[in-house]
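query.cif, holding mmCIF, C-alpha atoms:
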data_structure
loop_
_atom_site.group_PDB
_atom_site.id
_atom_site.type_symbol
_atom_site.label_atom_id
_atom_site.label_comp_id
_atom_site.auth_asym_id
_atom_site.auth_seq_id
_atom_site.Cartn_x
_atom_site.Cartn_y
_atom_site.Cartn_z
ATOM 1 C CA MET A 1 20.751 60.692 40.308
ATOM 2 C CA PRO A 2 24.304 59.240 40.509
ATOM 3 C CA THR A 3 26.157 59.143 37.199
ATOM 4 C CA HIS A 4 29.145 57.409 35.657
ATOM 5 C CA PRO A 5 32.383 59.430 36.043
ATOM 6 C CA ALA A 6 32.592 59.865 32.262
ATOM 7 C CA ILE A 7 29.412 61.941 32.445
ATOM 8 C CA ALA A 8 30.716 65.104 34.060
ATOM 9 C CA THR A 9 30.873 68.837 33.569
ATOM 10 C CA GLY A 10 33.329 69.747 30.838
ATOM 11 C CA HIS A 11 33.411 66.271 29.320
ATOM 12 C CA THR A 12 32.354 65.607 25.731
ATOM 13 C CA ALA A 13 29.834 63.192 24.203
ATOM 14 C CA VAL A 14 29.731 62.236 20.525
ATOM 15 C CA ILE A 15 26.331 60.961 19.377
ATOM 16 C CA THR A 16 25.476 59.511 15.972
ATOM 17 C CA GLY A 17 21.885 59.560 14.791
ATOM 18 C CA ALA A 18 21.617 62.686 16.919
ATOM 19 C CA ALA A 19 19.147 64.765 14.927
ATOM 20 C CA ASP A 20 16.086 63.276 16.642
ATOM 21 C CA GLY A 21 14.796 60.493 18.855
ATOM 22 C CA ILE A 22 17.053 58.882 21.435
ATOM 23 C CA GLY A 23 20.153 60.622 20.103
ATOM 24 C CA LEU A 24 18.687 64.093 20.478
ATOM 25 C CA ALA A 25 17.228 63.245 23.902
ATOM 26 C CA ALA A 26 20.676 62.089 25.025
ATOM 27 C CA ALA A 27 22.233 65.324 23.773
ATOM 28 C CA ARG A 28 19.745 67.366 25.803
ATOM 29 C CA ARG A 29 20.482 65.352 28.906
ATOM 30 C CA TYR A 30 24.262 65.543 28.526
ATOM 31 C CA LEU A 31 24.072 69.297 28.051
ATOM 32 C CA SER A 32 21.935 69.611 31.183
ATOM 33 C CA LEU A 33 24.724 67.813 33.073
ATOM 34 C CA GLY A 34 27.326 70.333 31.940
ATOM 35 C CA MET A 35 28.819 68.367 29.056
ATOM 36 C CA THR A 36 29.614 69.471 25.527
ATOM 37 C CA VAL A 37 28.150 67.437 22.669
ATOM 38 C CA VAL A 38 28.966 66.561 19.083
ATOM 39 C CA LEU A 39 25.891 65.767 17.019
ATOM 40 C CA ALA A 40 26.420 63.530 13.993
ATOM 41 C CA ASP A 41 23.692 62.747 11.499
ATOM 42 C CA ILE A 42 23.242 62.269 7.759
ATOM 43 C CA GLN A 43 20.142 64.489 7.567
ATOM 44 C CA ALA A 44 21.402 68.054 7.154
ATOM 45 C CA GLU A 45 18.117 69.895 7.736
ATOM 46 C CA LYS A 46 17.183 67.876 10.815
ATOM 47 C CA LEU A 47 20.696 68.276 12.174
ATOM 48 C CA ALA A 48 20.475 72.058 11.832
ATOM 49 C CA SER A 49 17.061 72.024 13.512
ATOM 50 C CA ALA A 50 18.457 69.950 16.386
ATOM 51 C CA VAL A 51 21.238 72.479 16.982
ATOM 52 C CA THR A 52 18.687 75.300 17.019
ATOM 53 C CA ALA A 53 16.416 73.420 19.418
ATOM 54 C CA LEU A 54 19.264 72.671 21.827
ATOM 55 C CA ASP A 55 20.252 76.364 21.884
ATOM 56 C CA ALA A 56 23.572 75.650 23.619
ATOM 57 C CA GLY A 57 25.895 77.907 21.644
ATOM 58 C CA ASP A 58 29.501 76.777 21.358
ATOM 59 C CA ARG A 59 28.881 73.736 23.589
ATOM 60 C CA VAL A 60 27.416 71.975 20.528
ATOM 61 C CA LEU A 61 29.196 70.931 17.342
ATOM 62 C CA ALA A 62 27.200 69.460 14.445
ATOM 63 C CA VAL A 63 28.966 67.252 11.904
ATOM 64 C CA LEU A 64 27.165 65.913 8.837
ATOM 65 C CA THR A 65 28.174 62.243 8.868
ATOM 66 C CA ASP A 66 27.361 59.042 7.005
ATOM 67 C CA VAL A 67 28.319 56.427 9.600
ATOM 68 C CA ALA A 68 28.564 53.792 6.869
ATOM 69 C CA ASP A 69 31.683 55.578 5.588
ATOM 70 C CA PRO A 70 34.718 54.898 7.807
ATOM 71 C CA VAL A 71 36.513 57.942 6.406
ATOM 72 C CA ALA A 72 33.580 60.139 7.469
ATOM 73 C CA VAL A 73 33.569 58.630 10.970
ATOM 74 C CA THR A 74 37.312 59.230 11.322
ATOM 75 C CA ALA A 75 36.727 62.835 10.248
ATOM 76 C CA LEU A 76 33.984 63.074 12.900
ATOM 77 C CA ARG A 77 36.482 61.952 15.532
ATOM 78 C CA ASP A 78 39.089 64.434 14.346
ATOM 79 C CA GLN A 79 36.625 67.340 14.378
ATOM 80 C CA ALA A 80 35.442 66.413 17.877
ATOM 81 C CA LEU A 81 39.026 66.342 19.158
ATOM 82 C CA ALA A 82 39.960 69.565 17.393
ATOM 83 C CA ARG A 83 36.993 71.375 18.944
ATOM 84 C CA PHE A 84 36.827 69.891 22.451
ATOM 85 C CA GLY A 85 40.172 68.121 22.998
ATOM 86 C CA ALA A 86 38.840 64.748 24.192
ATOM 87 C CA VAL A 87 35.861 62.401 23.894
ATOM 88 C CA HIS A 88 34.465 60.755 27.019
ATOM 89 C CA VAL A 89 31.171 59.304 25.756
ATOM 90 C CA LEU A 90 30.527 57.750 22.358
ATOM 91 C CA MET A 91 26.959 56.803 21.477
ATOM 92 C CA ASN A 92 26.783 54.748 18.289
ATOM 93 C CA ASN A 93 23.074 55.326 17.839
ATOM 94 C CA ALA A 94 22.456 55.883 14.110
ATOM 95 C CA GLY A 95 20.179 53.315 12.522
ATOM 96 C CA MET A 96 17.531 52.529 9.945
ATOM 97 C CA GLY A 97 14.879 49.876 9.416
ATOM 98 C CA GLY A 98 12.979 48.315 6.556
ATOM 99 C CA GLY A 99 15.493 45.814 5.227
ATOM 100 C CA GLY A 100 13.058 43.007 4.571
ATOM 101 C CA SER A 101 13.006 39.222 4.686
ATOM 102 C CA ALA A 102 15.829 36.833 3.842
ATOM 103 C CA LEU A 103 14.524 36.450 0.292
ATOM 104 C CA GLU A 104 14.282 40.066 -0.880
ATOM 105 C CA ASN A 105 15.833 43.517 -1.254
ATOM 106 C CA PRO A 106 19.569 42.744 -1.527
ATOM 107 C CA GLU A 107 20.502 46.404 -2.021
ATOM 108 C CA ARG A 108 18.388 47.495 0.929
ATOM 109 C CA TRP A 109 19.982 44.746 3.011
ATOM 110 C CA ARG A 110 23.443 46.010 2.097
ATOM 111 C CA ARG A 111 22.679 49.613 2.987
ATOM 112 C CA LEU A 112 20.979 48.651 6.250
ATOM 113 C CA LEU A 113 23.956 46.534 7.335
ATOM 114 C CA GLU A 114 26.364 49.302 6.348
ATOM 115 C CA VAL A 115 24.498 51.769 8.579
ATOM 116 C CA ASN A 116 23.292 49.652 11.498
ATOM 117 C CA LEU A 117 26.256 47.286 11.893
ATOM 118 C CA PHE A 118 29.237 48.765 10.080
ATOM 119 C CA GLY A 119 28.273 52.209 11.335
ATOM 120 C CA VAL A 120 28.804 50.918 14.872
ATOM 121 C CA ILE A 121 31.996 49.083 13.895
ATOM 122 C CA ASN A 122 33.315 52.266 12.292
ATOM 123 C CA GLY A 123 32.558 54.244 15.444
ATOM 124 C CA VAL A 124 34.181 51.695 17.750
ATOM 125 C CA GLN A 125 37.309 51.465 15.622
ATOM 126 C CA ALA A 126 37.679 55.214 15.049
ATOM 127 C CA PHE A 127 37.146 56.227 18.675
ATOM 128 C CA GLY A 128 37.826 53.207 20.882
ATOM 129 C CA ALA A 129 41.624 53.037 21.042
ATOM 130 C CA MET A 130 41.854 56.810 21.320
ATOM 131 C CA MET A 131 39.429 56.871 24.242
ATOM 132 C CA VAL A 132 41.410 54.164 26.051
ATOM 133 C CA ALA A 133 44.666 56.053 25.438
ATOM 134 C CA GLN A 134 43.213 59.213 26.996
ATOM 135 C CA GLY A 135 43.502 57.491 30.377
ATOM 136 C CA GLU A 136 40.188 58.943 31.563
ATOM 137 C CA PRO A 137 36.796 57.433 32.370
ATOM 138 C CA GLY A 138 34.863 56.732 29.178
ATOM 139 C CA LEU A 139 31.730 55.089 27.827
ATOM 140 C CA ILE A 140 30.961 53.487 24.491
ATOM 141 C CA ILE A 141 27.204 52.948 24.224
ATOM 142 C CA ASN A 142 25.934 51.005 21.217
ATOM 143 C CA THR A 143 22.227 51.010 20.421
ATOM 144 C CA GLY A 144 20.931 47.518 19.808
ATOM 145 C CA SER A 145 17.383 46.169 19.744
ATOM 146 C CA LYS A 146 15.271 43.433 21.248
ATOM 147 C CA GLN A 147 14.901 42.303 17.637
ATOM 148 C CA GLY A 148 18.600 41.500 17.725
ATOM 149 C CA ILE A 149 18.054 39.170 20.708
ATOM 150 C CA THR A 150 14.723 37.424 20.134
ATOM 151 C CA THR A 151 14.816 37.965 16.316
ATOM 152 C CA PRO A 152 11.057 37.989 15.568
ATOM 153 C CA PRO A 153 9.805 37.300 12.053
ATOM 154 C CA GLY A 154 9.448 40.286 9.756
ATOM 155 C CA ASP A 155 12.447 42.512 9.146
ATOM 156 C CA THR A 156 15.176 39.878 9.094
ATOM 157 C CA ALA A 157 17.756 42.337 7.783
ATOM 158 C CA TYR A 158 17.228 44.609 10.787
ATOM 159 C CA ASN A 159 17.399 41.632 13.150
ATOM 160 C CA VAL A 160 20.713 40.526 11.643
ATOM 161 C CA SER A 161 22.189 44.005 11.980
ATOM 162 C CA LYS A 162 21.166 44.370 15.621
ATOM 163 C CA ALA A 163 22.264 40.845 16.517
ATOM 164 C CA GLY A 164 25.636 41.852 15.108
ATOM 165 C CA VAL A 165 25.689 44.969 17.285
ATOM 166 C CA LYS A 166 25.012 42.801 20.350
ATOM 167 C CA VAL A 167 27.888 40.435 19.587
ATOM 168 C CA LEU A 168 30.216 43.303 18.687
ATOM 169 C CA THR A 169 29.488 45.132 21.941
ATOM 170 C CA GLU A 170 29.943 41.985 24.032
ATOM 171 C CA GLY A 171 33.329 41.405 22.426
ATOM 172 C CA LEU A 172 34.265 45.056 22.837
ATOM 173 C CA GLN A 173 33.502 45.005 26.553
ATOM 174 C CA HIS A 174 35.559 41.829 26.965
ATOM 175 C CA SER A 175 38.503 43.534 25.233
ATOM 176 C CA LEU A 176 38.174 46.694 27.308
ATOM 177 C CA ARG A 177 37.994 44.912 30.660
ATOM 178 C CA ASN A 178 41.128 42.952 29.752
ATOM 179 C CA THR A 179 43.093 46.042 28.721
ATOM 180 C CA PRO A 180 45.451 47.123 31.526
ATOM 181 C CA ASP A 181 44.517 50.413 33.196
ATOM 182 C CA CYS A 182 41.543 50.883 30.854
ATOM 183 C CA GLN A 183 38.876 53.224 32.237
ATOM 184 C CA VAL A 184 36.486 52.839 29.287
ATOM 185 C CA SER A 185 33.507 50.479 29.407
ATOM 186 C CA ALA A 186 31.039 49.405 26.733
ATOM 187 C CA HIS A 187 27.279 49.051 27.173
ATOM 188 C CA LEU A 188 24.487 47.695 24.972
ATOM 189 C CA LEU A 189 21.420 49.938 24.951
ATOM 190 C CA VAL A 190 18.306 47.950 24.039
ATOM 191 C CA PRO A 191 15.281 50.250 23.833
ATOM 192 C CA GLY A 192 11.753 48.969 24.143
ATOM 193 C CA TYR A 193 8.971 50.449 22.036
ATOM 194 C CA THR A 194 10.032 54.084 21.806
ATOM 195 C CA PHE A 195 8.250 56.881 19.982
ATOM 196 C CA THR A 196 10.859 58.325 17.593
ATOM 197 C CA GLY A 197 11.046 59.503 14.017
ATOM 198 C CA MET A 198 11.949 55.982 12.885
ATOM 199 C CA THR A 199 9.083 54.263 14.720
ATOM 200 C CA SER A 200 6.330 56.875 14.399
ATOM 201 C CA ARG A 201 5.279 55.818 10.875
ATOM 202 C CA GLY A 202 3.561 59.132 10.323
ATOM 203 C CA GLN A 203 1.869 59.292 13.736
ATOM 204 C CA THR A 204 2.066 62.626 15.505
ATOM 205 C CA GLU A 205 0.881 61.440 18.932
ATOM 206 C CA LYS A 206 2.819 58.981 21.060
ATOM 207 C CA PRO A 207 0.972 55.656 21.384
ATOM 208 C CA ALA A 208 0.100 54.694 24.953
ATOM 209 C CA ALA A 209 2.340 51.608 24.778
ATOM 210 C CA ALA A 210 5.460 53.554 23.865
ATOM 211 C CA TRP A 211 8.081 55.242 25.992
ATOM 212 C CA THR A 212 9.468 58.632 25.101
ATOM 213 C CA ALA A 213 13.100 58.994 24.087
ATOM 214 C CA ASP A 214 13.712 60.932 27.312
ATOM 215 C CA GLN A 215 12.496 57.954 29.370
ATOM 216 C CA VAL A 216 14.931 55.693 27.537
ATOM 217 C CA VAL A 217 17.834 58.053 28.230
ATOM 218 C CA ASP A 218 16.911 58.341 31.923
ATOM 219 C CA PHE A 219 16.746 54.562 32.223
ATOM 220 C CA MET A 220 20.043 54.185 30.342
ATOM 221 C CA LEU A 221 21.923 56.588 32.602
ATOM 222 C CA ALA A 222 20.591 54.927 35.749
ATOM 223 C CA ARG A 223 21.658 51.475 34.541
ATOM 224 C CA ILE A 224 25.096 52.709 33.482
ATOM 225 C CA ALA A 225 25.550 54.246 36.929
ATOM 226 C CA ASP A 226 24.880 50.743 38.296
ATOM 227 C CA ASP A 227 27.495 49.268 35.880
ATOM 228 C CA VAL A 228 24.915 47.241 33.938
ATOM 229 C CA PHE A 229 26.033 46.066 30.490
ATOM 230 C CA TYR A 230 22.725 44.858 28.998
ATOM 231 C CA ILE A 231 20.411 47.874 29.292
ATOM 232 C CA ILE A 232 17.088 46.231 28.387
ATOM 233 C CA CYS A 233 14.490 48.993 28.504
ATOM 234 C CA PRO A 234 10.853 48.215 29.252
ATOM 235 C CA ASP A 235 8.010 50.301 27.844
ATOM 236 C CA ASN A 236 4.385 50.909 28.775
ATOM 237 C CA ASP A 237 3.313 47.558 27.318
ATOM 238 C CA VAL A 238 6.146 45.125 28.097
ATOM 239 C CA ASP A 239 7.626 44.876 31.600
ATOM 240 C CA PRO A 240 11.121 43.583 32.480
ATOM 241 C CA ALA A 241 9.830 40.169 33.564
ATOM 242 C CA THR A 242 8.162 39.595 30.197
ATOM 243 C CA ASP A 243 11.306 40.674 28.369
ATOM 244 C CA ALA A 244 13.381 38.257 30.428
ATOM 245 C CA SER A 245 11.007 35.365 29.732
ATOM 246 C CA ARG A 246 10.996 36.049 25.997
ATOM 247 C CA ILE A 247 14.798 36.143 25.953
ATOM 248 C CA ARG A 248 15.035 32.862 27.889
ATOM 249 C CA TRP A 249 12.568 31.164 25.543
ATOM 250 C CA ALA A 250 14.512 32.309 22.462
ATOM 251 C CA ALA A 251 17.803 31.003 23.881
ATOM 252 C CA GLU A 252 16.154 27.655 24.624
ATOM 253 C CA ASP A 253 15.353 27.192 20.920
ATOM 254 C CA VAL A 254 19.059 26.553 20.415
ATOM 255 C CA ALA A 255 19.702 24.641 23.632
ATOM 256 C CA SER A 256 16.697 22.327 23.132
ATOM 257 C CA ALA A 257 16.927 21.954 19.341
ATOM 258 C CA ARG A 258 13.459 23.399 18.845
ATOM 259 C CA PRO A 259 12.512 24.916 15.485
ATOM 260 C CA PRO A 260 13.866 28.452 15.043
ATOM 261 C CA LEU A 261 11.528 31.236 16.146
ATOM 262 C CA SER A 262 9.369 28.678 17.922
ATOM 263 C CA ARG A 263 7.622 31.476 19.810
ATOM 264 C CA TRP A 264 5.792 32.190 16.537
ATOM 265 C CA HIS A 265 5.437 28.514 15.479
ATOM 266 C CA PRO A 266 1.817 27.283 15.764
ATOM 267 C CA ASP A 267 2.915 23.962 17.283
ATOM 268 C CA TYR A 268 4.571 25.800 20.189
ATOM 269 C CA LYS A 269 2.006 28.540 20.814
ATOM 270 C CA ALA A 270 0.457 26.869 23.873
ATOM 271 C CA ALA A 271 3.849 25.834 25.266
ATOM 272 C CA PHE A 272 5.157 29.387 25.006
ATOM 273 C CA GLU A 273 2.108 30.854 26.730
ATOM 274 C CA ALA A 274 2.412 28.285 29.539
ATOM 275 C CA PHE A 275 6.123 29.058 29.845
ATOM 276 C CA LEU A 276 5.410 32.774 30.281
ATOM 277 C CA ILE A 277 3.112 32.032 33.218
ATOM 278 C CA GLN A 278 5.496 29.537 34.839
ATOM 279 C CA ASP A 279 8.552 31.738 34.327
ATOM 280 C CA ARG A 280 6.907 34.737 35.976
ATOM 281 C CA GLU A 281 6.001 32.572 38.991
ATOM 282 C CA ARG A 282 9.550 31.362 39.575
#

Let's see the structure in the file written out as structure tokens.
Amino acid sequence: MPTHPAIATGHTAVITGAADGIGLAAARRYLSLGMTVVLADIQAEKLASAVTALDAGDRVLAVLTDVADPVAVTALRDQALARFGAVHVLMNNAGMGGGGSALENPERWRRLLEVNLFGVINGVQAFGAMMVAQGEPGLIINTGSKQGITTPPGDTAYNVSKAGVKVLTEGLQHSLRNTPDCQVSAHLLVPGYTFTGMTSRGQTEKPAAAWTADQVVDFMLARIADDVFYIICPDNDVDPATDASRIRWAAEDVASARPPLSRWHPDYKAAFEAFLIQDRER
């Protein structure tokens, strides 16, 4: 499989939320491609277990990190540079769910935004300028969510955080592509239903509808190799055409002055279902 030039033997990837799920799967894949990796996570025991499972000796550095703390993220950068000399791939992947609706849980909202949104901001601001200044190919990959694009009812706090990550990453890529001689690009990773520690909810077996974290990483690397910014991952239940139709319908709420979240509004149920059929036939 062709890869981006930042993903090369001897290069270094820094991954937050790396103790399990997509972060750990990415670490395995980068190591298999000859890279060194820095694993950052707030869960000390899981982080130690991840290092043991990877069994890659001095090619792995683990750094206990709360991404919500900009001082901790700067320290993560400094430790990565001290150990490996440069950073070529940054994956801002750490996240949490369970924030709640617009009318509840103000403290949970605050913590979720600090991790999911400010954690990504902290990573971009600690690493971004340094990676550009290195003068080498680089990648900044921020993990978003379909919930940050179509914003379904339910966990509004999570939706807000991931919508913020989308806008941040779009603006970051615009800045990078307008920076003279910059070899760093940004990409928005949008997983589908993926079986991870955060989504398992106590289940030990992967549901049939879900992708594995390894499938997400494989898809991500293939899309990055093709210079795709919006990496919208399917899963075993939702195909790319359905994702595209749902995204178009959500955008049309604004353009057509429909009620917000009209996809879930009873007055628009039939119209949405008809739109899905028509859109797939275009």

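Against this structure, the PyMOL selection byres ((chain A and resi 217) around 8) ends up with A:Ile22, A:Ala25, A:Ala26, A:Arg29, A:Ala213, A:Asp214, A:Gln215, A:Val216, A:Asp218, A:Phe219, A:Met220, A:Leu221.
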
Any chance you could work out the residue set of the PyMOL selection byres ((chain A and resi 168-180) around 9) here, as a list of chain:residue names? A:Leu117, A:Val120, A:Ile121, A:Val124, A:Val132, A:Ile140, A:Ile141, A:Asn142, A:Ala163, A:Gly164, A:Val165, A:Lys166, A:Val167, A:Asp181, A:Cys182, A:Gln183, A:Val184, A:Ser185, A:Ala186, A:His187, A:Leu188, A:Phe229

Against range 241-254 of chain A, which residues of range 149-229 of chain A fall within 9 Å? For each one I want the closest pair of atoms and the distance in Å (one decimal), counting all atoms listed in the file, rows by chain and increasing residue number, as a Markdown table.
| residue | atom | partner | partner_atom | distance |
| --- | --- | --- | --- | --- |
| A:Ile149 | CA | A:Ile247 | CA | 6.9 |
| A:Thr150 | CA | A:Ala250 | CA | 5.6 |
| A:Thr151 | CA | A:Ala250 | CA | 8.4 |

Please evaluate the PyMOL selection byres ((chain A and resi 123) around 9) against the structure above and give the resulting residues as a PyMOL selection string. chain A and resi 16+67+70+73-74+77+90-92+118-122+124-128

Only C-alpha atoms, please: the residues just picked out, written as a PDB file, in the frame of the given file.
ATOM      1  CA  THR A  16      25.476  59.511  15.972  1.00  0.00           C
ATOM      2  CA  VAL A  67      28.319  56.427   9.600  1.00  0.00           C
ATOM      3  CA  PRO A  70      34.718  54.898   7.807  1.00  0.00           C
ATOM      4  CA  VAL A  73      33.569  58.630  10.970  1.00  0.00           C
ATOM      5  CA  THR A  74      37.312  59.230  11.322  1.00  0.00           C
ATOM      6  CA  ARG A  77      36.482  61.952  15.532  1.00  0.00           C
ATOM      7  CA  LEU A  90      30.527  57.750  22.358  1.00  0.00           C
ATOM      8  CA  MET A  91      26.959  56.803  21.477  1.00  0.00           C
ATOM      9  CA  ASN A  92      26.783  54.748  18.289  1.00  0.00           C
ATOM     10  CA  PHE A 118      29.237  48.765  10.080  1.00  0.00           C
ATOM     11  CA  GLY A 119      28.273  52.209  11.335  1.00  0.00           C
ATOM     12  CA  VAL A 120      28.804  50.918  14.872  1.00  0.00           C
ATOM     13  CA  ILE A 121      31.996  49.083  13.895  1.00  0.00           C
ATOM     14  CA  ASN A 122      33.315  52.266  12.292  1.00  0.00           C
ATOM     15  CA  VAL A 124      34.181  51.695  17.750  1.00  0.00           C
ATOM     16  CA  GLN A 125      37.309  51.465  15.622  1.00  0.00           C
ATOM     17  CA  ALA A 126      37.679  55.214  15.049  1.00  0.00           C
ATOM     18  CA  PHE A 127      37.146  56.227  18.675  1.00  0.00           C
ATOM     19  CA  GLY A 128      37.826  53.207  20.882  1.00  0.00           C
TER      20      GLY A 128
END

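Taking CA of Gly138 in chain A and CA of Tyr230 in chain A as the two end points, the separation is 17.0 Å.
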
Between CA of Asp41 in chain A and CA of Ala129 in chain A, measure the distance and give it in Å to one decimal.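 So the answer is 22.5 Å.
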
Neighbouring residues of Arg111 in chain A were defined as those with any atom within 12 Å, considering all atoms listed in the file; residues of the same chain fewer than 2 positions away were excluded. Please report them as a ChimeraX atom specification. /A:66-69,95-100,105-109,113-119,157-158,161

Using C-alpha atoms, can you export the residues from the last selection as a short mmCIF file (atom, residue, chain, number, x, y, z; two decimals), keeping the file's coordinate frame?
data_model
loop_
_atom_site.label_atom_id
_atom_site.label_comp_id
_atom_site.auth_asym_id
_atom_site.auth_seq_id
_atom_site.Cartn_x
_atom_site.Cartn_y
_atom_site.Cartn_z
CA ASP A 66 27.36 59.04 7.00
CA VAL A 67 28.32 56.43 9.60
CA ALA A 68 28.56 53.79 6.87
CA ASP A 69 31.68 55.58 5.59
CA GLY A 95 20.18 53.32 12.52
CA MET A 96 17.53 52.53 9.94
CA GLY A 97 14.88 49.88 9.42
CA GLY A 98 12.98 48.32 6.56
CA GLY A 99 15.49 45.81 5.23
CA GLY A 100 13.06 43.01 4.57
CA ASN A 105 15.83 43.52 -1.25
CA PRO A 106 19.57 42.74 -1.53
CA GLU A 107 20.50 46.40 -2.02
CA ARG A 108 18.39 47.50 0.93
CA TRP A 109 19.98 44.75 3.01
CA LEU A 113 23.96 46.53 7.34
CA GLU A 114 26.36 49.30 6.35
CA VAL A 115 24.50 51.77 8.58
CA ASN A 116 23.29 49.65 11.50
CA LEU A 117 26.26 47.29 11.89
CA PHE A 118 29.24 48.76 10.08
CA GLY A 119 28.27 52.21 11.34
CA ALA A 157 17.76 42.34 7.78
CA TYR A 158 17.23 44.61 10.79
CA SER A 161 22.19 44.00 11.98
#

To one decimal place, how far is CA of Gly21 in chain A from CA of Ala50 in chain A in Å?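 Rounded to one decimal, the two atoms are 10.4 Å apart.
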
Pick the closest to Ala94 in chain A from A:Gly57, A:Asp20, A:Arg110, A:Gln203: which is it, counting only C-alpha atoms?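 Closest to Ala94 in chain A of all the choices is A:Asp20.
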
Between A:His4, A:Lys206, A:Lys46, A:Arg263, which one has atoms that come closest to Leu24 in chain A, using only C-alpha atoms? A:Lys46

Surrounding residues of Leu81 in chain A excluding itself and chain neighbours under 3 positions, 12 Å, all atoms listed in the file, as a PyMOL selection string: chain A and resi 11-14+36-38+61+74-78+84-88+126-127+130-131+134

Enclose all atoms of range 72-85 of chain A listed in the file in an axis-aligned box, grow every side by 8 Å, and hand back centre and edge lengths in Å to one decimal, as AutoDock Vina command-line options.
--center_x 36.9 --center_y 65.0 --center_z 15.2 --size_x 22.6 --size_y 28.7 --size_z 31.5

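Using all atoms listed in the file, the shortest contact distance between Gly154 in chain A and any of A:Leu261, A:Leu33, A:Ala62, A:Leu39 is found at A:Leu261.
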
Tell me which protein, DNA and RNA residues are within 9 Å of Gln43 in chain A, counting all atoms listed in the file, leaving out same-chain ones fewer than 2 positions away, and put them as a list in words.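 Near neighbours after the sequence-gap exclusion: Gly17, Ala19, Asp41, Glu45, Lys46, Leu47, Ala48, Leu64 and Thr65 of chain A.
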